Amino acid sequence: MEHTRWYKDAVFYQIWPRSFRDGDGDGLGDLWGVYEKLDYIRSLGVDGVWFSPLYPSPGVDCGYDISDYMDIAPEYGGMEAFRKVLDGAHERGMRVIMDLVVNHTSDEHEWFRKSRRRIEPYTDYYIWRPDPGKGKLPNNWDSNFEGKAWTFDQERGEYYLHLFAVKQPDLNMDNPLVRQEVKKILKFWLDMGVDGFREDVITYISKREGLPNDHLFPVYKGIRFYNHGPHVHEYLREFKAEVLDHYDCMTLAEAPLVSPKRALDYISEETGQMDMMIQFQCMCADCLFSDYFHMSFSLRRLKHAFSSWQRKLEGKAWNMLYLENHDHPRVISRYGSERYRVKSGKMLAAAYLFQKGTPFVYQGQEIGMTNWRPQDPELYEDVQTRWQYANTHLKDTPEKRLRRMWLASRDSARTPMQWSGEENAGFTTGKPWFSVNENYREINVAAAEEDPDSLLHFYRRAIALRKALPVVRHGSYREYHALSSRRYTYAREWEGERLLVLCSFSEKDIPLRIPGGFDLTKAELVLQNYADPDGKTLKPYETRVYHWAK
Ligand code: GLC
């Protein structure tokens, strides 16, 4: 089957189903709610939807702990609702991609239940190690979420590896039967008509033989032995050759700690095994490796991430562009300004939507939702946040520790979508499963629809523009003023057509600077976030997009 690379012309919207829209009044988002909102999603100009996991799950990691890969959770409406949404999306010209989470399962998956009882053929489906005794663990690796990466299972009398929560045991991908299962899952959904997969921490699936101790890193111990492990490309090639190549589908690899050079091993158009990659460098402009190692925001770090991926993938692989997802705090609260919420939200949109690649917009980003900051740490639902709060920086005051969570927690971006100023932000008629951000009366879809100057309408305009201008799809990328810590300037060029994007990240006026060779008198200002841009100054968080036709 020919791969048409349709995703290069697409803009995607990410749905985190629990908090998107509740259609049946039980307080939890579901597919009936999504169905109601398909026209809204389409109205943004997007042509694809990525669903965070919809499968049956105990919910320890909000669905990333799967107990059945071939079904849809009943609380989301089951298979019936899913088919309706899938058809409804396709009818509106939108593709649907699923989250494939196969580094680990839930410990309530049937495979794990059987594995812990050594029932064949499941005995070696997971990574088991005997008890070394004397209170020792099989090795010193850390889990990404909850302390050490090993938990003793009484039933089997052995330790199992979990790189995430205790209830997320890692699959043993070296076992050909496990890979067989993965291929079955891929096939099952593709045959149903889904258009591809976002593959969760897919770079972790092959662990270094012998699972050696890690004496190099002080945190995330072990990561150098399981990220980009020895057989990862071989396994991905197998999935591609045996399944994915037979469908016109798209795959997106989630890849923590990856450089553009390494990315090419996965997504090179000639030799790669997948199509695009979610890299984390653009999420590290105010932190080191992880949101929990917070630093002050550095525009230069952000620009470096943007530009190195643009440059190094050029002509070789295709970028995936994003500024938000369900794993990070809201971008206006991080890289923009809540004081200039709408202005900075628009500027941030222009900063990434005109780069080369396929943009993703996360639910709520398009209306400028900001971080949620609970007064009580008990209100956090996320397994990682709860562990971090209870186990790190214990010498600090509780207030200081809570503030740390405000800056880092994924829950900052997981509160219910704000549809209106009505009770519970119009998310549910029942009792919401999770706190609604108090700012919903001001920040919501209904209000944004009414206001022609809203961020929502700006997203629509920007997306429409990116589709109308071939230079955005095909053009080269060049950054200017790279050393500036206040401005981000980039240009795109294709067969004589040019685009220049100016973004101010400053709360103060800064001088307008146009790179040499760009004659504004011949350009059209096609997008802006101030009504009266002047010839000398960029106002706080101002953005402008100039276009030169061929
Ligand atoms: C990915 C997901 C995240 C999840 C983790 C474990 O990073 O995006 O939400 O918790 O993997 O599955």
# chains A, B, ... in the order shown; residues from 1 in each chain; ligands from 1

$ residues_near_ligand --ligand "ligand 1" --cutoff "7 Å" --atoms "only C-alpha atoms and all ligand atoms" --output "number ranges by chain"
A: 61, 64-65, 101, 164, 200-201, 326-327

$ residues_around --residues "Arg492 (chain A)" --least-positions-apart "4" --cutoff "7 Å" --atoms "only C-alpha atoms" --output "number ranges by chain"
A: 471-472, 475-478, 498-500

$ residues_around --residues "Ile66 (chain A)" --least-positions-apart "3" --cutoff "6 Å" --atoms "only C-alpha atoms" --output "PyMOL selection string"
chain A and resi 57+105-106

$ select_by_dssp --residues "region 98-261 of chain A" --states "strand (DSSP E or B)" --output "number ranges by chain"
A: 98-100, 104, 126, 128-130, 142, 148, 150-153, 158-161, 170-171, 196-199, 250-255

$ write_last_selection --atoms "N, CA, C and O atoms" --output "CSV table (one decimal), in the first residue's frame"
chain,number,residue,atom,x,y,z
A,98,MET,N,-5.3,6.8,17.3
A,98,MET,CA,-5.5,6.2,18.6
A,98,MET,C,-4.1,6.3,19.4
A,98,MET,O,-3.1,6.3,18.7
A,99,ASP,N,-4.2,6.2,20.7
A,99,ASP,CA,-3.0,6.1,21.5
A,99,ASP,C,-2.6,4.6,21.6
A,99,ASP,O,-3.5,3.8,22.0
A,100,LEU,N,-1.4,4.3,21.3
A,100,LEU,CA,-1.0,2.9,21.4
A,100,LEU,C,0.0,2.8,22.6
A,100,LEU,O,1.0,3.4,22.5
A,104,HIS,N,3.9,-0.9,28.4
A,104,HIS,CA,3.4,-1.5,29.7
A,104,HIS,C,1.9,-1.7,29.5
A,104,HIS,O,1.2,-1.1,28.6
A,126,TYR,N,6.1,-10.4,30.7
A,126,TYR,CA,6.6,-9.2,31.5
A,126,TYR,C,8.0,-9.4,31.9
A,126,TYR,O,8.6,-10.5,31.7
A,128,TRP,N,10.3,-10.1,34.6
A,128,TRP,CA,10.3,-10.6,36.0
A,128,TRP,C,11.8,-10.9,36.4
A,128,TRP,O,12.6,-11.4,35.6
A,129,ARG,N,12.1,-10.7,37.7
A,129,ARG,CA,13.4,-11.1,38.2
A,129,ARG,C,13.3,-11.7,39.6
A,129,ARG,O,12.4,-11.2,40.4
A,130,PRO,N,14.1,-12.7,39.9
A,130,PRO,CA,14.0,-13.3,41.2
A,130,PRO,C,14.4,-12.3,42.3
A,130,PRO,O,15.1,-11.3,42.0
A,142,ASP,N,15.1,3.8,38.5
A,142,ASP,CA,14.0,4.5,39.0
A,142,ASP,C,12.8,4.4,38.1
A,142,ASP,O,12.9,4.3,36.9
A,148,LYS,N,11.1,3.5,43.1
A,148,LYS,CA,12.0,2.6,42.3
A,148,LYS,C,11.1,1.8,41.3
A,148,LYS,O,9.9,1.7,41.4
A,150,TRP,N,10.9,-1.3,40.6
A,150,TRP,CA,10.6,-2.8,40.9
A,150,TRP,C,9.6,-2.9,42.0
A,150,TRP,O,9.7,-2.2,43.0
A,151,THR,N,8.7,-3.8,41.8
A,151,THR,CA,7.7,-4.2,42.9
A,151,THR,C,7.7,-5.7,43.0
A,151,THR,O,7.7,-6.4,42.0
A,152,PHE,N,7.7,-6.1,44.3
A,152,PHE,CA,7.6,-7.6,44.5
A,152,PHE,C,6.2,-8.1,44.4
A,152,PHE,O,5.3,-7.5,45.0
A,153,ASP,N,6.0,-9.2,43.7
A,153,ASP,CA,4.7,-9.7,43.5
A,153,ASP,C,4.6,-11.0,44.4
A,153,ASP,O,5.3,-12.0,44.1
A,158,GLU,N,8.3,-13.0,42.7
A,158,GLU,CA,9.4,-12.4,42.0
A,158,GLU,C,9.1,-10.9,41.9
A,158,GLU,O,8.0,-10.4,42.1
A,159,TYR,N,10.1,-10.1,41.5
A,159,TYR,CA,9.9,-8.7,41.2
A,159,TYR,C,9.5,-8.5,39.8
A,159,TYR,O,10.0,-9.2,38.9
A,160,TYR,N,8.7,-7.5,39.5
A,160,TYR,CA,8.5,-7.1,38.1
A,160,TYR,C,8.9,-5.7,37.9
A,160,TYR,O,8.9,-4.8,38.8
A,161,LEU,N,9.3,-5.4,36.7
A,161,LEU,CA,9.8,-4.0,36.3
A,161,LEU,C,8.6,-3.1,35.9
A,161,LEU,O,7.7,-3.6,35.2
A,170,ASP,N,5.9,-3.3,32.9
A,170,ASP,CA,6.5,-3.3,31.6
A,170,ASP,C,6.3,-4.6,30.9
A,170,ASP,O,6.7,-5.7,31.4
A,171,LEU,N,6.0,-4.5,29.6
A,171,LEU,CA,5.9,-5.7,28.8
A,171,LEU,C,7.3,-6.2,28.4
A,171,LEU,O,8.2,-5.3,28.2
A,196,GLY,N,-4.3,5.8,12.3
A,196,GLY,CA,-2.9,5.8,12.7
A,196,GLY,C,-2.8,5.8,14.2
A,196,GLY,O,-3.8,5.6,14.9
A,197,PHE,N,-1.6,5.9,14.7
A,197,PHE,CA,-1.3,5.8,16.1
A,197,PHE,C,-0.3,6.8,16.6
A,197,PHE,O,0.7,7.1,16.0
A,198,ARG,N,-0.6,7.3,17.8
A,198,ARG,CA,0.5,8.0,18.6
A,198,ARG,C,1.0,6.9,19.5
A,198,ARG,O,0.2,6.3,20.3
A,199,GLU,N,2.3,6.6,19.5
A,199,GLU,CA,2.8,5.5,20.2
A,199,GLU,C,3.5,6.0,21.5
A,199,GLU,O,4.6,6.6,21.4
A,250,MET,N,-0.7,6.7,9.6
A,250,MET,CA,0.3,7.6,10.1
A,250,MET,C,0.7,7.1,11.5
A,250,MET,O,-0.1,6.7,12.3
A,251,THR,N,2.0,7.2,11.9
A,251,THR,CA,2.5,6.9,13.2
A,251,THR,C,3.3,8.0,13.8
A,251,THR,O,4.1,8.7,13.1
A,252,LEU,N,3.1,8.3,15.1
A,252,LEU,CA,3.7,9.4,15.8
A,252,LEU,C,4.4,8.8,17.0
A,252,LEU,O,3.7,8.2,17.9
A,253,ALA,N,5.7,8.9,17.1
A,253,ALA,CA,6.5,8.3,18.2
A,253,ALA,C,6.6,9.3,19.4
A,253,ALA,O,7.2,10.4,19.1
A,254,GLU,N,6.2,8.9,20.5
A,254,GLU,CA,6.6,9.8,21.7
A,254,GLU,C,8.0,9.4,22.1
A,254,GLU,O,8.2,8.2,22.4
A,255,ALA,N,8.8,10.4,22.3
A,255,ALA,CA,10.2,10.1,22.5
A,255,ALA,C,10.9,11.1,23.5
A,255,ALA,O,11.4,12.1,23.1

$ closest_residue --among "A:Thr489, A:Thr537, A:Thr385, A:Thr4" --to "Cys249 (chain A)" --atoms "only C-alpha atoms"
A:Thr4
